Amino acid sequence: MNSMVQVDSASAIAAAAAVAGNPVKIVAQGVNVYYGEKHALRDVDLDIQERAVTALIGPSGCGKSTFLRCLNRMNDTIVGCRVTGKITMDDQDIYDPQLDVVQLRARVGMVFQKPNPFPKSIFENVAYGPRIHGLARNKAELEEIVVTSLKRAGLYEEVKDRLGDSGTSLSGGQQQRLCIARAIAVSPEVILMDEPCSALDPIATAKIEELMDELRENYTIVIVTHSMQQAARVSQRTAFFHLGVLVEVGVTGEIFTTPRDRRTQDYITGRFG
Amino acid sequence: MTDVALPRVRSVDITSDAAKARIRARYRAEARFRAYGVAAIALTAVFLLVVLSDIVSKGLPAFTQHVLSMEVLVDKAEIDPQGTADPAVIRAGDFQLLVRNALRAQFPDVTSRLGRRALDGILSSGAADELRRRVVADPSLIGRTVKVPVLISDDADLYFKGTGTKIEREPGRGTLTVGGTSGEVTLSSTAGDFAEDLAVVKRALSAQARAARTEATRLRTIVQSIQASRAAAERELATARAAGNAVQIAAAERRLAAVTEEETGLSTRMNELSETAAALQARFEAPAAEEPVDASFPSLLVAVNGGLVKLTRIGGSAATGEVLLPLSSDAAAQPGTWQRVTYQTPATNRRVTDQEVAWLEALRDRGVVESRFNTAFFTSGDSREPELAGIRGALVGSALTLLVTLVLCLPIGVAAAIYLEEFAPKNRLTEVIEVNINNLAAVPSIVFGLLGLAVFLSFFGLPRSAPLVGGLVLALLVLPTIIIASRAAIKAVPPSIKEAALGVGASHQQAVFHHVLPLAMPGIMTGTIIGMAHALGETAPLLMIGMVAFIVEPATSITDAATVLPVQIYLWSDLPEIAFQAKTAAAIMVLLVFLFVMNGTAILLRKRFERRW
Amino acid sequence: MSLIYFTGLAALAVAGFLLGRNRAAVANRTETFHSRPSYHGAYVVVSVLLPMLLVFAVGVPVAHHLVETQALTVFDPSVLDDELRRGAALRDIVAVATGRHTGDATPALVRAAETWSSLRAWTDNLILAGGGIVGLLGAAYGLRAISATFRARNRVERVVKVVLFGCASVAVLTTVGIVFSVLLETVHFFQKVSPLDFLFGLEWSPQTAIRADQVGSSGAFGIAPLVVGTLLITTIAMLVAGPIGLFAAIYLAEYASPRVRAVAKPLLEILAGIPTVVLGFFAALSLAPWLRELGQSLGLNVASESALAAGLVMGMMIIPFVSSLSDDVINAVPQSLRDGSYGMGATKSETIKRVVLPAAFSGIVSAMMLAISRAVGETMIVVMAAGLAANLSFNPLDAVTTFTVQIKTILVGDQEFDSAKTLSAFALGFVLFFFTLTLNVIAMQIVKRYREQYD
C-alpha cells in the first residue's frame, strides 16, 4: 500500500496556522559546510520560525544533523570543519567573530541523539548550566531553577525523591528528559534536538513528543528526525534535505500531502531512504 | 504529563556589565587553565633538554684525548738486550722508562729526584702502551728512534681540555734585572711593575678576609641557636634533677654534653676565622708591605730570557722568585722583552701545580701536544686510570646479556601471547595468568634482582656476574612487556582473516601460525625492540646478581664474569677522579645513542607496517 | 657434555623429521593421509625430543648429586653438615679436578678430585648413552606410527598447545619464584629479629658486627626511617609528576593541535626511555650540587644527598608515566559528555574541570597509584642521589634513605651468609613487593571498573 505518512490534516493545518504569524527567529543564507575536502552541505537557505517546531528530515548523511550543529556552532569542536555563508539569529550573525560562542550556546540549547547525562547526580546535571553561567544568586534560586526545569521536562514527579542519585541510573527515556531539563535550565531561546528519540522505546518517545509540543509555547525548537511520522506529529514546518542540499521546506501538512519536489515525494513514499 | 503553567523565565543575560565581566572572568580562567597545560609540556621539554645538554657537555671532552707526540729512543739494552726478537721478551720490556727518558730529554734541567718524579707524573701509567704495541709488532724498531704518541695523565689531559687556568700575559714596562738562572732568584724592575702584582695579591687578601668574615658571621648565628638549645637542655636537666629520675638525668646530661661540645667546637672555629679575617685585613691595609705569595692566590710569574720564574715574595719594585723553567742568561731584560704572567686560578683550586702548568705550556709551545679522537674509549676495557678506561667490556657484556634475553623472551613471550589470545579457555586459570602478567609488569625491577639472587645464584648455583644470569633476570623482567605488546598485535589482526583460513579447512593452529602470526609480526617486533631497549637500560637487578665486579677483559662467553653498560655508568659515576665524570657522561651518550637507535627503529617499523584494517 | 648431548639431540630431531616426512610423503602417493607429511615429521621430532629432554632434565641433577656425595665421603662428616664448608669443599674439588686450583692440594682433596673426575666421566657417558637410546627408540616409535589414518596433526597440535600454555605459565612461575624466594628468607629473618621491632622500630642500622662484644653488635632493624625516607622522596616526586603529568595529559588530549601533539608525544616518550641510571647521574652530579649551592646562597643547609634532588628527578622520570596513563583515561571519557557540556555553553576548561575530570576521576586516581608504586620501587635514582644514612627526617633538604637503597647496599658486595643483615634485605624486598603489588592490584581493579563504565 501507499506508505505515505498519514497526516491529520485538520489539526496539522490548524497548528501551522497558529504559528504562521510567528516572526522568524533564525535565518540561514547560503550555508556551506566542508569536512576537510568533503562538501557536506551546499547553499542552504532556511528560515526558522519562533515558537514553532521545525523538523529536518532526509535520508542518512543528507546533512540535516550537520545543519543543526551549525546553529549553535557545535561544528567548531570538529577539527577540519569549515562553515561559510550566513546564519543570523534575531538579526545577529552567529558566525560573527565578535560573537561569543559560549554565550551563543547558552541561548541555543541542544539535546543529543544518545542521552548523555553527566556521571553526576540528577540535581547536579540540571544545575550545571545555571552554575557555569551564573544564573542563580543563591542556593534557593538554583534549587528553584532545577525543580522548574525538571517539571517542565516532565521528569520531576518521577525523580523528586532521588535528586541525589546519579543521572546515569535513570532509564533511557528519563535520561533524555533529564538532558532536556538540563538544556532548558539555562532558558535558551532555541532548543536543537538531534534525533532525540532514536535511542528510546515508543512509550518514552511519546512522552518526549508530548513534551516538545508543550515546550513549543515558549521555545523555538529545531528537531532532526529519521521518523517521518514523528516529524508529522510534532512539527509545524518541515525541511527536507537530500545529499547536502535543502530540497524543500514548507508547512508540515503540505510537505507530507502535496510535496512539490519529486525527491521529496520519493522519500516520503518510501522509495529510498 | 505536566500541567505546571510556567512563566517564561529570564534567559541568559549577555548584555549587562555584570554579565560581560563574568564572561571575561570565564575566559581568563580558560586562558589560565590552558597556560597550565602549556607550562607542563614546556617544563618537561626544558627538563629533557637540560638533562641531555648537561650530559653532552660533560661527555663530549671524553671523546678526545691529548697525547705527547715525542721521539722515543727504543733502547736495545732496556728492551731486548740479547736480541731474541721474542715477542714475550719484548712485551716485558720497560717501555715506560723509554717514554720517561724522552720526556726528561725535553726538560734536561730537571735533575733532582723530586723534580723527575713530578715530571713523570705528567705521563699516564699506560703512556708506553702504544710504543709497546708497535715494537712488538715490528721488532726492527729496536735500537731506533720512533715518533710515537704518548698518553698523558688524566689531570694533564683535563688541563689541556681547558679546566686548568686562564693565563694572562703583560709586557714588562721597566728594565728587569735577574739575580740568577736557576734556583731562587731575585728580580727587580726599574718601573713599578711588581706594584701591580702586589695589588693583585692585596685584592685577593681582601676577598679572603671578606669570605672569612662572612663564614664567621654564619657560624655565629648557628652558635646562637645552639646556645638557645643549650639553655633548653639545662632546663631539662634541672627538671630531671628535681624529679630525681636517674635515667632522665643521665639522658639530659648526655644531651647537654653533646650540645656543649658542639657549641665549643663551633665557637673555636668561629674565633679562629675572625682572627684570620683580622690578620688578612691588616695585611690588606698595609699597602706598601712586602707580601709572600702563597698557593691560595693567583700565581704570579715572570717570563724572561726564555725561562719562567714564579714569584714567591713581592715588594713594590723587587720580588723573589723560584725558577720553573731555566733562564738562558742572567742578563738584564729591556722593557717589552719580558712578560709578567698570571695564572688566574689559584694553585689550591686546580689539580696541576704551577710547575706542571709551566711544563705543559712549554710542551704545548713546542708543538708536542696533540689532540686526537679517543678510540681507546671504545676498544679497551675498564681501568682504574681514567685515561685508560674504556667501555668495550661493558659493550660486550651488554650484547651477550641482551642476546640471552632475546633468545629467551621472544619465543616465550610470543608463545604466551598466542596462547592467551587464541587458545586459552575462559577459566579461572587463564584469569590468574592474565592478572599475573599485568602485575609482573609493575613489580619493581630490584625485586627481580632478588629473585635472580635467591633462585638463579643460590638455588641453581649459576655463576655470579655472568651474562647468562643477567639475561635470565632481564628476560623475566621484559617478558610482560613483550606479552602485552604481542597480544595487542595479535588482537589487531581482524578475525575475518582467521575465519577465512578456517573456512578453507585450516586447523585453528594452522590459521594462527600461517595467517595471524605473520600479520602480527611487525607489532610483535616493535614491542620486542622496545622491551630490549628497556632491558639495555636496566641497572638495579643486575647489581643484585653481582654484575658490579671490576672486570678488565671483555667476556668471551655467557658464563664469564662481565658487566654491562648501565652498570659501568653506575660504577664510574661513583669514582672520585674528575676525569671519570666525563667518561661516565660519554658512556651515557653511547647508551643513549643505542637506545635512540632502537626506539627509532621500533617507531619506523610501526610507521612502515602500520595497517588500518 | 651438554653440548654433545644437545648436538646429538638436534641431529636426531632433524633426521627424524626428514625421515618421517619422506616416509609419509611416499606413502601418501598411494593412499590418502589424514595429516600432511610434515606433521608426521613433526610427530617424530616430538617423540624424539620429549624423552631425550626428560632424560637430561632428570639425569643431570641426579648424577651431579650422586657424584658430589661420593666425592665428599673422603671428608669429615662435620664438613658435610656445615653448608658453608660443604660448598667450599665442593668448589675446591672441582677446581682441583679441572686443574684450576692454585696452591697445594691436600692428599684428601686430590683423592676426592680423582673420585669426582672418574665418576663424572662415567655418569656423563651414561647420560649420553641413555639419551641416545631413548632418542632412537622415540624416533622408531614416531616412524612406526605413520599411517593414513594416524592423526599426526592433532597429536602435534596438542603438544604445541601444551608448550604454548607452558610459556604462558612462565609469568605465574616468576611470581611464585619471587614470592617464595623472598618469603623464605623473610621468614628466616623473622626468626632472628622480631617482626614488631622490624615494623615499628625507629632505628635502622643493619651493620651487625663480626665480634659479639663490639658496640651495636645486634644491629637495629626498625624500618621507620626507611618508610619515612621513601615516603618523603615519593611525595616530592608525586608533587612534581602529579600536576605536571596530569596537565600535560589534559593539554595533549583536549587542547593540543595535531602538530603540537606530534612534537610533544615523542618528547614524553624520549623522557620515558631514558634509563634511570642516567637520571641518577644527573641528579647526583648536576642537580644536587646545584641545589646545594642555591641553598647556601639562600642561607639554607642542603645536604649533598638531599631528598629534594632525588625526589625532583624521580618526579621528572614519572611525568611520562602519569601523563600517558591519564591520557588513556581522559580519552576514554565519551565525546558525548563533552558535547553535552559544550552544548550548554560551557568553555573548554569548564567542561574539563566539571565534566571530564570528575568522570575520569577514578581512572586518574588509579594512574596516580601506579605512579606511586613506580616511585617507591625505583632504585637507581635514589641509589645514586639519595643517601645511606637512615635519618628519621621529614625535611626534604636532609639526606634520607629508602627501601631500595638499603636492599642494594646490603646485597651488593660481600655478604655474610645467613646473617640478619643479609636477610633483612629480603625482608625489605618483601615489604616493597607486597606494597607495590597491593597498590597495583587496587589500581588495576579501579581501572577495570572504570573501563567497563564507558565501554
# chains A, B, ... in the order shown; residues from 1 in each chain; ligands from 1

$ closest_atom_pairs --of "chain C" --to "chain A" --cutoff "10 Å" --atoms "only C-alpha atoms" --output "JSON lines"
{"residue": "C:Ser257", "atom": "CA", "partner": "A:Val79", "partner_atom": "CA", "distance": 9.1}
{"residue": "C:Pro258", "atom": "CA", "partner": "A:Val79", "partner_atom": "CA", "distance": 9.7}
{"residue": "C:Pro334", "atom": "CA", "partner": "A:Asn116", "partner_atom": "CA", "distance": 9.1}
{"residue": "C:Gln335", "atom": "CA", "partner": "A:Asn116", "partner_atom": "CA", "distance": 9.4}
{"residue": "C:Ser336", "atom": "CA", "partner": "A:Asn116", "partner_atom": "CA", "distance": 6.0}
{"residue": "C:Leu337", "atom": "CA", "partner": "A:Asn116", "partner_atom": "CA", "distance": 5.7}
{"residue": "C:Arg338", "atom": "CA", "partner": "A:Phe118", "partner_atom": "CA", "distance": 9.0}
{"residue": "C:Asp339", "atom": "CA", "partner": "A:Met74", "partner_atom": "CA", "distance": 7.8}
{"residue": "C:Gly340", "atom": "CA", "partner": "A:Asn116", "partner_atom": "CA", "distance": 6.5}
{"residue": "C:Ser341", "atom": "CA", "partner": "A:Gly129", "partner_atom": "CA", "distance": 8.2}
{"residue": "C:Tyr342", "atom": "CA", "partner": "A:Arg105", "partner_atom": "CA", "distance": 7.5}
{"residue": "C:Gly343", "atom": "CA", "partner": "A:Met110", "partner_atom": "CA", "distance": 5.5}
{"residue": "C:Met344", "atom": "CA", "partner": "A:Ala106", "partner_atom": "CA", "distance": 5.6}
{"residue": "C:Gly345", "atom": "CA", "partner": "A:Arg105", "partner_atom": "CA", "distance": 4.4}
{"residue": "C:Ala346", "atom": "CA", "partner": "A:Val102", "partner_atom": "CA", "distance": 6.1}
{"residue": "C:Thr347", "atom": "CA", "partner": "A:Val102", "partner_atom": "CA", "distance": 6.3}
{"residue": "C:Lys348", "atom": "CA", "partner": "A:Val102", "partner_atom": "CA", "distance": 9.5}
{"residue": "C:Glu350", "atom": "CA", "partner": "A:Ile132", "partner_atom": "CA", "distance": 7.6}
{"residue": "C:Thr351", "atom": "CA", "partner": "A:Ile132", "partner_atom": "CA", "distance": 9.6}
{"residue": "C:Arg354", "atom": "CA", "partner": "A:Tyr128", "partner_atom": "CA", "distance": 8.5}
{"residue": "C:Val355", "atom": "CA", "partner": "A:Phe118", "partner_atom": "CA", "distance": 6.7}
{"residue": "C:Val356", "atom": "CA", "partner": "A:Phe118", "partner_atom": "CA", "distance": 9.0}
{"residue": "C:Pro358", "atom": "CA", "partner": "A:Pro119", "partner_atom": "CA", "distance": 7.9}
{"residue": "C:Ala359", "atom": "CA", "partner": "A:Pro119", "partner_atom": "CA", "distance": 6.1}
{"residue": "C:Ala360", "atom": "CA", "partner": "A:Pro119", "partner_atom": "CA", "distance": 9.8}

$ residues_around --residues "B:Arg464" --least-positions-apart "3" --cutoff "12 Å" --atoms "only C-alpha atoms" --output "list in words"
Gly452, Leu453, Ala454, Val455, Phe456, Leu457, Ser458, Phe460, Gly461, Pro467, Leu468, Val469, Gly470, Leu542, Leu543, Met544, Ile545, Gly546, Met547, Val548, Ala549, Ile558, Thr559, Asp560, Ala561, Ala562 and Thr563 of chain B; Val412 and Gly413 of chain C

$ select_by_dssp --residues "stretch 135-381 of chain C" --states "helix (DSSP H, G or I)" --output "PyMOL selection string"
chain C and resi 135-144+152-192+195-200+224-255+258-273+276-297+307-331+335-343+348-377+380-381

$ residues_around --residues "B:Thr260" --least-positions-apart "4" --cutoff "12 Å" --atoms "only C-alpha atoms" --output "ChimeraX atom specification"
/B:223,226-234,253-256,264-267

$ residues_around --residues "stretch 206-214 of chain A" --least-positions-apart "4" --cutoff "12 Å" --atoms "only C-alpha atoms" --output "PDB file with C-alpha atoms, in the first residue's frame"
ATOM      1  CA  ALA A  15      -1.297  24.129  14.228  1.00  0.00           C
ATOM      2  CA  ARG A  51       7.985  29.334  18.956  1.00  0.00           C
ATOM      3  CA  ALA A  52       7.356  26.571  16.491  1.00  0.00           C
ATOM      4  CA  VAL A  53       8.809  23.137  15.876  1.00  0.00           C
ATOM      5  CA  THR A  54      10.789  22.853  12.681  1.00  0.00           C
ATOM      6  CA  ALA A  55      11.644  19.322  11.628  1.00  0.00           C
ATOM      7  CA  VAL A 111      19.709  17.708  23.062  1.00  0.00           C
ATOM      8  CA  LEU A 150      12.613  19.169  35.826  1.00  0.00           C
ATOM      9  CA  LYS A 151       8.900  19.969  35.987  1.00  0.00           C
ATOM     10  CA  ARG A 152       8.942  21.417  32.517  1.00  0.00           C
ATOM     11  CA  ALA A 153      10.749  18.391  31.237  1.00  0.00           C
ATOM     12  CA  GLY A 154       8.026  16.312  32.877  1.00  0.00           C
ATOM     13  CA  LEU A 155      10.545  14.413  34.946  1.00  0.00           C
ATOM     14  CA  GLY A 172      16.833   5.819  28.696  1.00  0.00           C
ATOM     15  CA  GLY A 173      13.684   7.909  28.313  1.00  0.00           C
ATOM     16  CA  GLN A 174      14.181   9.528  31.697  1.00  0.00           C
ATOM     17  CA  GLN A 175      17.807  10.243  30.831  1.00  0.00           C
ATOM     18  CA  GLN A 176      16.738  12.006  27.659  1.00  0.00           C
ATOM     19  CA  ARG A 177      14.180  14.071  29.542  1.00  0.00           C
ATOM     20  CA  LEU A 178      16.897  14.863  32.051  1.00  0.00           C
ATOM     21  CA  CYS A 179      19.027  16.123  29.174  1.00  0.00           C
ATOM     22  CA  ILE A 180      16.104  18.259  28.039  1.00  0.00           C
ATOM     23  CA  ALA A 181      15.702  19.599  31.570  1.00  0.00           C
ATOM     24  CA  ILE A 184      16.111  24.301  29.396  1.00  0.00           C
ATOM     25  CA  ILE A 191      16.437  24.149  21.516  1.00  0.00           C
ATOM     26  CA  LEU A 192      18.115  21.925  18.947  1.00  0.00           C
ATOM     27  CA  MET A 193      17.260  18.244  19.102  1.00  0.00           C
ATOM     28  CA  GLU A 195      17.192  12.662  16.767  1.00  0.00           C
ATOM     29  CA  PRO A 196      16.280  12.806  20.451  1.00  0.00           C
ATOM     30  CA  CYS A 197      14.148   9.669  20.341  1.00  0.00           C
ATOM     31  CA  SER A 198      16.247   7.374  18.217  1.00  0.00           C
ATOM     32  CA  ALA A 199      17.590   5.526  21.248  1.00  0.00           C
ATOM     33  CA  LEU A 200      14.250   5.304  23.043  1.00  0.00           C
ATOM     34  CA  ASP A 201      11.316   2.940  23.151  1.00  0.00           C
ATOM     35  CA  PRO A 202       7.885   4.022  21.838  1.00  0.00           C
ATOM     36  CA  ASN A 218       7.977  29.116  24.954  1.00  0.00           C
ATOM     37  CA  TYR A 219      10.836  27.904  22.825  1.00  0.00           C
ATOM     38  CA  THR A 220      11.872  27.708  19.246  1.00  0.00           C
ATOM     39  CA  ILE A 221      12.598  24.061  18.525  1.00  0.00           C
ATOM     40  CA  VAL A 222      14.517  22.543  15.656  1.00  0.00           C
ATOM     41  CA  ILE A 223      14.469  18.768  15.507  1.00  0.00           C
ATOM     42  CA  THR A 225      14.451  13.131  12.924  1.00  0.00           C
ATOM     43  CA  GLN A 229       5.720  10.071  11.429  1.00  0.00           C
ATOM     44  CA  GLN A 230       7.441  11.918  14.221  1.00  0.00           C
ATOM     45  CA  ALA A 231       8.060  14.933  12.021  1.00  0.00           C
ATOM     46  CA  ALA A 232       4.417  14.915  11.045  1.00  0.00           C
ATOM     47  CA  ARG A 233       3.273  14.588  14.648  1.00  0.00           C
ATOM     48  CA  VAL A 234       5.386  17.230  16.327  1.00  0.00           C
ATOM     49  CA  SER A 235       6.411  19.812  13.771  1.00  0.00           C
ATOM     50  CA  GLN A 236       4.675  22.736  12.174  1.00  0.00           C
TER      51      GLN A 236
ATOM     52  CA  MET B   1       2.277  14.898  31.838  1.00  0.00           C
ATOM     53  CA  THR B   2       2.960  18.273  33.355  1.00  0.00           C
ATOM     54  CA  ASP B   3       0.332  20.841  33.910  1.00  0.00           C
ATOM     55  CA  VAL B   4       2.507  23.419  35.542  1.00  0.00           C
ATOM     56  CA  ALA B   5       1.883  26.549  33.600  1.00  0.00           C
ATOM     57  CA  LEU B   6       5.182  28.250  33.918  1.00  0.00           C
TER      58      LEU B   6
END

$ residues_around --residues "stretch 152-167 of chain B" --least-positions-apart "2" --cutoff "7 Å" --atoms "only C-alpha atoms" --output "list in words"
Gln65, His66, Val67, Ile122, Leu123, Ser124, Ala127, Val150, Arg169, Val341, Thr342, Tyr343, Gln344, Thr345, Arg350, Arg351, Val352, Pro386, Glu387 and Ala579 of chain B

$ write_last_selection --atoms "all heavy atoms" --output "short mmCIF file (atom, residue, chain, number, x, y, z; two decimals), in the first residue's frame"
data_model
loop_
_atom_site.label_atom_id
_atom_site.label_comp_id
_atom_site.auth_asym_id
_atom_site.auth_seq_id
_atom_site.Cartn_x
_atom_site.Cartn_y
_atom_site.Cartn_z
N GLN B 65 91.37 13.14 23.30
CA GLN B 65 92.41 12.77 24.25
C GLN B 65 93.68 13.50 23.80
O GLN B 65 93.93 13.63 22.60
CB GLN B 65 92.60 11.26 24.14
CG GLN B 65 93.42 10.66 25.22
CD GLN B 65 93.39 9.16 25.08
OE1 GLN B 65 93.48 8.65 23.97
NE2 GLN B 65 93.27 8.46 26.18
N HIS B 66 94.47 13.97 24.77
CA HIS B 66 95.71 14.65 24.40
C HIS B 66 96.89 13.71 24.56
O HIS B 66 96.95 12.96 25.53
CB HIS B 66 95.90 15.90 25.25
CG HIS B 66 94.96 16.99 24.87
ND1 HIS B 66 93.71 17.13 25.42
CD2 HIS B 66 95.07 17.99 23.96
CE1 HIS B 66 93.09 18.15 24.88
NE2 HIS B 66 93.89 18.69 23.99
N VAL B 67 97.77 13.76 23.60
CA VAL B 67 98.98 12.92 23.68
C VAL B 67 100.18 13.80 23.40
O VAL B 67 100.07 14.88 22.81
CB VAL B 67 98.94 11.76 22.66
CG1 VAL B 67 97.91 10.74 23.06
CG2 VAL B 67 98.69 12.28 21.27
N ILE B 122 103.37 13.60 34.79
CA ILE B 122 102.58 14.08 33.66
C ILE B 122 102.12 12.92 32.80
O ILE B 122 101.09 12.97 32.14
CB ILE B 122 103.43 15.07 32.81
CG1 ILE B 122 103.64 16.36 33.60
CG2 ILE B 122 102.78 15.37 31.49
CD1 ILE B 122 104.49 17.35 32.88
N LEU B 123 102.91 11.84 32.81
CA LEU B 123 102.61 10.72 31.93
C LEU B 123 101.58 9.79 32.57
O LEU B 123 101.52 9.63 33.79
CB LEU B 123 103.88 9.92 31.65
CG LEU B 123 104.95 10.68 30.88
CD1 LEU B 123 106.21 9.85 30.80
CD2 LEU B 123 104.47 11.07 29.50
N SER B 124 100.79 9.16 31.71
CA SER B 124 99.86 8.15 32.17
C SER B 124 100.62 6.88 32.50
O SER B 124 101.71 6.65 31.97
CB SER B 124 98.83 7.87 31.09
OG SER B 124 98.23 6.62 31.29
N ALA B 127 101.29 5.13 29.44
CA ALA B 127 101.86 6.00 28.42
C ALA B 127 102.59 5.22 27.33
O ALA B 127 102.62 5.63 26.18
CB ALA B 127 102.81 7.01 29.07
N VAL B 150 102.33 9.60 23.04
CA VAL B 150 102.48 9.16 24.42
C VAL B 150 101.32 9.70 25.23
O VAL B 150 101.05 10.90 25.21
CB VAL B 150 103.82 9.66 25.00
CG1 VAL B 150 103.88 9.36 26.49
CG2 VAL B 150 104.97 9.01 24.27
N ARG B 169 99.09 37.47 30.14
CA ARG B 169 100.47 37.94 29.93
C ARG B 169 100.45 39.44 29.68
O ARG B 169 99.61 39.94 28.96
CB ARG B 169 101.08 37.26 28.70
CG ARG B 169 101.29 35.77 28.89
CD ARG B 169 101.62 35.12 27.57
NE ARG B 169 101.46 33.67 27.64
CZ ARG B 169 102.38 32.85 28.15
NH1 ARG B 169 103.53 33.33 28.59
NH2 ARG B 169 102.15 31.56 28.21
N VAL B 341 103.41 37.20 33.94
CA VAL B 341 102.42 36.16 33.62
C VAL B 341 101.60 35.87 34.88
O VAL B 341 102.15 35.80 35.98
CB VAL B 341 103.12 34.87 33.16
CG1 VAL B 341 102.11 33.79 32.81
CG2 VAL B 341 104.03 35.17 31.98
N THR B 342 100.28 35.76 34.71
CA THR B 342 99.41 35.42 35.85
C THR B 342 98.60 34.18 35.52
O THR B 342 97.96 34.12 34.48
CB THR B 342 98.43 36.58 36.15
OG1 THR B 342 99.14 37.81 36.10
CG2 THR B 342 97.79 36.39 37.49
N TYR B 343 98.66 33.17 36.39
CA TYR B 343 97.74 32.04 36.30
C TYR B 343 96.57 32.39 37.21
O TYR B 343 96.69 32.37 38.43
CB TYR B 343 98.38 30.73 36.79
CG TYR B 343 99.56 30.25 35.98
CD1 TYR B 343 100.42 29.29 36.48
CD2 TYR B 343 99.81 30.77 34.69
CE1 TYR B 343 101.50 28.84 35.75
CE2 TYR B 343 100.90 30.32 33.96
CZ TYR B 343 101.75 29.37 34.49
OH TYR B 343 102.81 28.93 33.77
N GLN B 344 95.44 32.71 36.57
CA GLN B 344 94.33 33.29 37.33
C GLN B 344 93.82 32.36 38.45
O GLN B 344 93.48 32.81 39.52
CB GLN B 344 93.16 33.64 36.40
CG GLN B 344 93.45 34.79 35.46
CD GLN B 344 93.50 36.12 36.20
OE1 GLN B 344 93.32 36.16 37.41
NE2 GLN B 344 93.79 37.19 35.47
N THR B 345 93.71 31.06 38.16
CA THR B 345 93.17 30.15 39.17
C THR B 345 94.25 29.83 40.20
O THR B 345 95.34 29.40 39.84
CB THR B 345 92.73 28.84 38.51
OG1 THR B 345 92.01 29.14 37.34
CG2 THR B 345 91.87 28.02 39.44
N ARG B 350 93.27 24.10 41.61
CA ARG B 350 93.39 23.27 40.41
C ARG B 350 94.18 22.01 40.71
O ARG B 350 94.80 21.90 41.77
CB ARG B 350 94.01 24.07 39.26
CG ARG B 350 95.28 24.82 39.58
CD ARG B 350 95.74 25.58 38.34
NE ARG B 350 96.26 26.90 38.67
CZ ARG B 350 97.54 27.13 38.96
NH1 ARG B 350 98.41 26.14 38.97
NH2 ARG B 350 97.95 28.35 39.26
N ARG B 351 94.14 21.10 39.79
CA ARG B 351 94.74 19.80 40.04
C ARG B 351 96.15 19.69 39.48
O ARG B 351 96.77 18.64 39.54
CB ARG B 351 93.84 18.70 39.47
CG ARG B 351 92.47 18.70 40.14
CD ARG B 351 91.56 17.68 39.54
NE ARG B 351 92.13 16.34 39.63
CZ ARG B 351 92.04 15.58 40.70
NH1 ARG B 351 91.41 16.01 41.75
NH2 ARG B 351 92.57 14.37 40.71
N VAL B 352 96.65 20.77 38.89
CA VAL B 352 98.03 20.76 38.40
C VAL B 352 98.79 21.90 39.09
O VAL B 352 98.27 22.98 39.28
CB VAL B 352 98.08 20.94 36.87
CG1 VAL B 352 97.82 19.63 36.17
CG2 VAL B 352 97.10 21.99 36.41
N PRO B 386 91.57 6.82 34.64
CA PRO B 386 90.54 7.35 33.76
C PRO B 386 90.99 7.42 32.30
O PRO B 386 90.21 7.16 31.40
CB PRO B 386 90.28 8.76 34.29
CG PRO B 386 90.89 8.80 35.63
CD PRO B 386 91.89 7.71 35.74
N GLU B 387 92.29 7.78 32.07
CA GLU B 387 92.71 7.98 30.68
C GLU B 387 92.83 6.66 29.93
O GLU B 387 92.91 6.65 28.71
CB GLU B 387 94.03 8.77 30.63
CG GLU B 387 95.27 8.01 31.10
CD GLU B 387 95.47 8.10 32.60
OE1 GLU B 387 94.54 8.55 33.29
OE2 GLU B 387 96.56 7.75 33.08
N ALA B 579 88.08 13.11 36.00
CA ALA B 579 88.09 12.67 34.62
C ALA B 579 87.07 11.56 34.39
O ALA B 579 86.57 11.38 33.28
CB ALA B 579 89.48 12.18 34.24
#

$ residues_around --residues "stretch 425-427 of chain B" --least-positions-apart "6" --cutoff "12 Å" --atoms "only C-alpha atoms" --output "JSON, numbers by chain"
{"B": [419, 433, 434], "C": [161, 165]}

$ select_by_dssp --residues "stretch 356-504 of chain B" --states "strand (DSSP E)" --output "PDB file with N, CA, C and O atoms, in the first residue's frame"
ATOM      1  N   VAL B 369     102.224  18.652  21.904  1.00  0.00           N
ATOM      2  CA  VAL B 369     100.910  18.181  22.340  1.00  0.00           C
ATOM      3  C   VAL B 369      99.968  18.052  21.148  1.00  0.00           C
ATOM      4  O   VAL B 369      99.878  18.954  20.328  1.00  0.00           O
ATOM      5  N   GLU B 370      99.311  16.921  21.086  1.00  0.00           N
ATOM      6  CA  GLU B 370      98.331  16.710  20.020  1.00  0.00           C
ATOM      7  C   GLU B 370      97.023  16.239  20.626  1.00  0.00           C
ATOM      8  O   GLU B 370      97.010  15.519  21.617  1.00  0.00           O
ATOM      9  N   SER B 371      95.912  16.657  19.984  1.00  0.00           N
ATOM     10  CA  SER B 371      94.606  16.177  20.421  1.00  0.00           C
ATOM     11  C   SER B 371      94.110  15.187  19.382  1.00  0.00           C
ATOM     12  O   SER B 371      94.237  15.407  18.191  1.00  0.00           O
ATOM     13  N   ARG B 372      93.591  14.063  19.837  1.00  0.00           N
ATOM     14  CA  ARG B 372      93.107  13.076  18.861  1.00  0.00           C
ATOM     15  C   ARG B 372      91.834  12.423  19.383  1.00  0.00           C
ATOM     16  O   ARG B 372      91.508  12.519  20.561  1.00  0.00           O
ATOM     17  N   PHE B 373      91.131  11.750  18.472  1.00  0.00           N
ATOM     18  CA  PHE B 373      89.911  11.046  18.867  1.00  0.00           C
ATOM     19  C   PHE B 373      90.278   9.886  19.771  1.00  0.00           C
ATOM     20  O   PHE B 373      91.226   9.155  19.519  1.00  0.00           O
TER      21      PHE B 373
END

$ residues_around --residues "stretch 471-484 of chain B" --least-positions-apart "4" --cutoff "6 Å" --atoms "only C-alpha atoms" --output "count of residues only"
14

$ atom_distance --atom1 "atom CA of C:Gln191" --atom2 "atom CA of C:Ser205"
18.2 Å

$ closest_residue --among "B:Gly321, B:Gly537, B:Pro444, B:Gly381" --to "C:Leu432" --atoms "only C-alpha atoms"
B:Pro444

$ closest_residue --among "B:Thr190, B:Ser57, B:Asn305, B:Gln208" --to "chain C" --atoms "only C-alpha atoms"
B:Ser57

$ closest_residue --among "A:Ser187, A:Glu254, A:Val249, A:Asp194" --to "chain B" --atoms "only C-alpha atoms"
A:Ser187
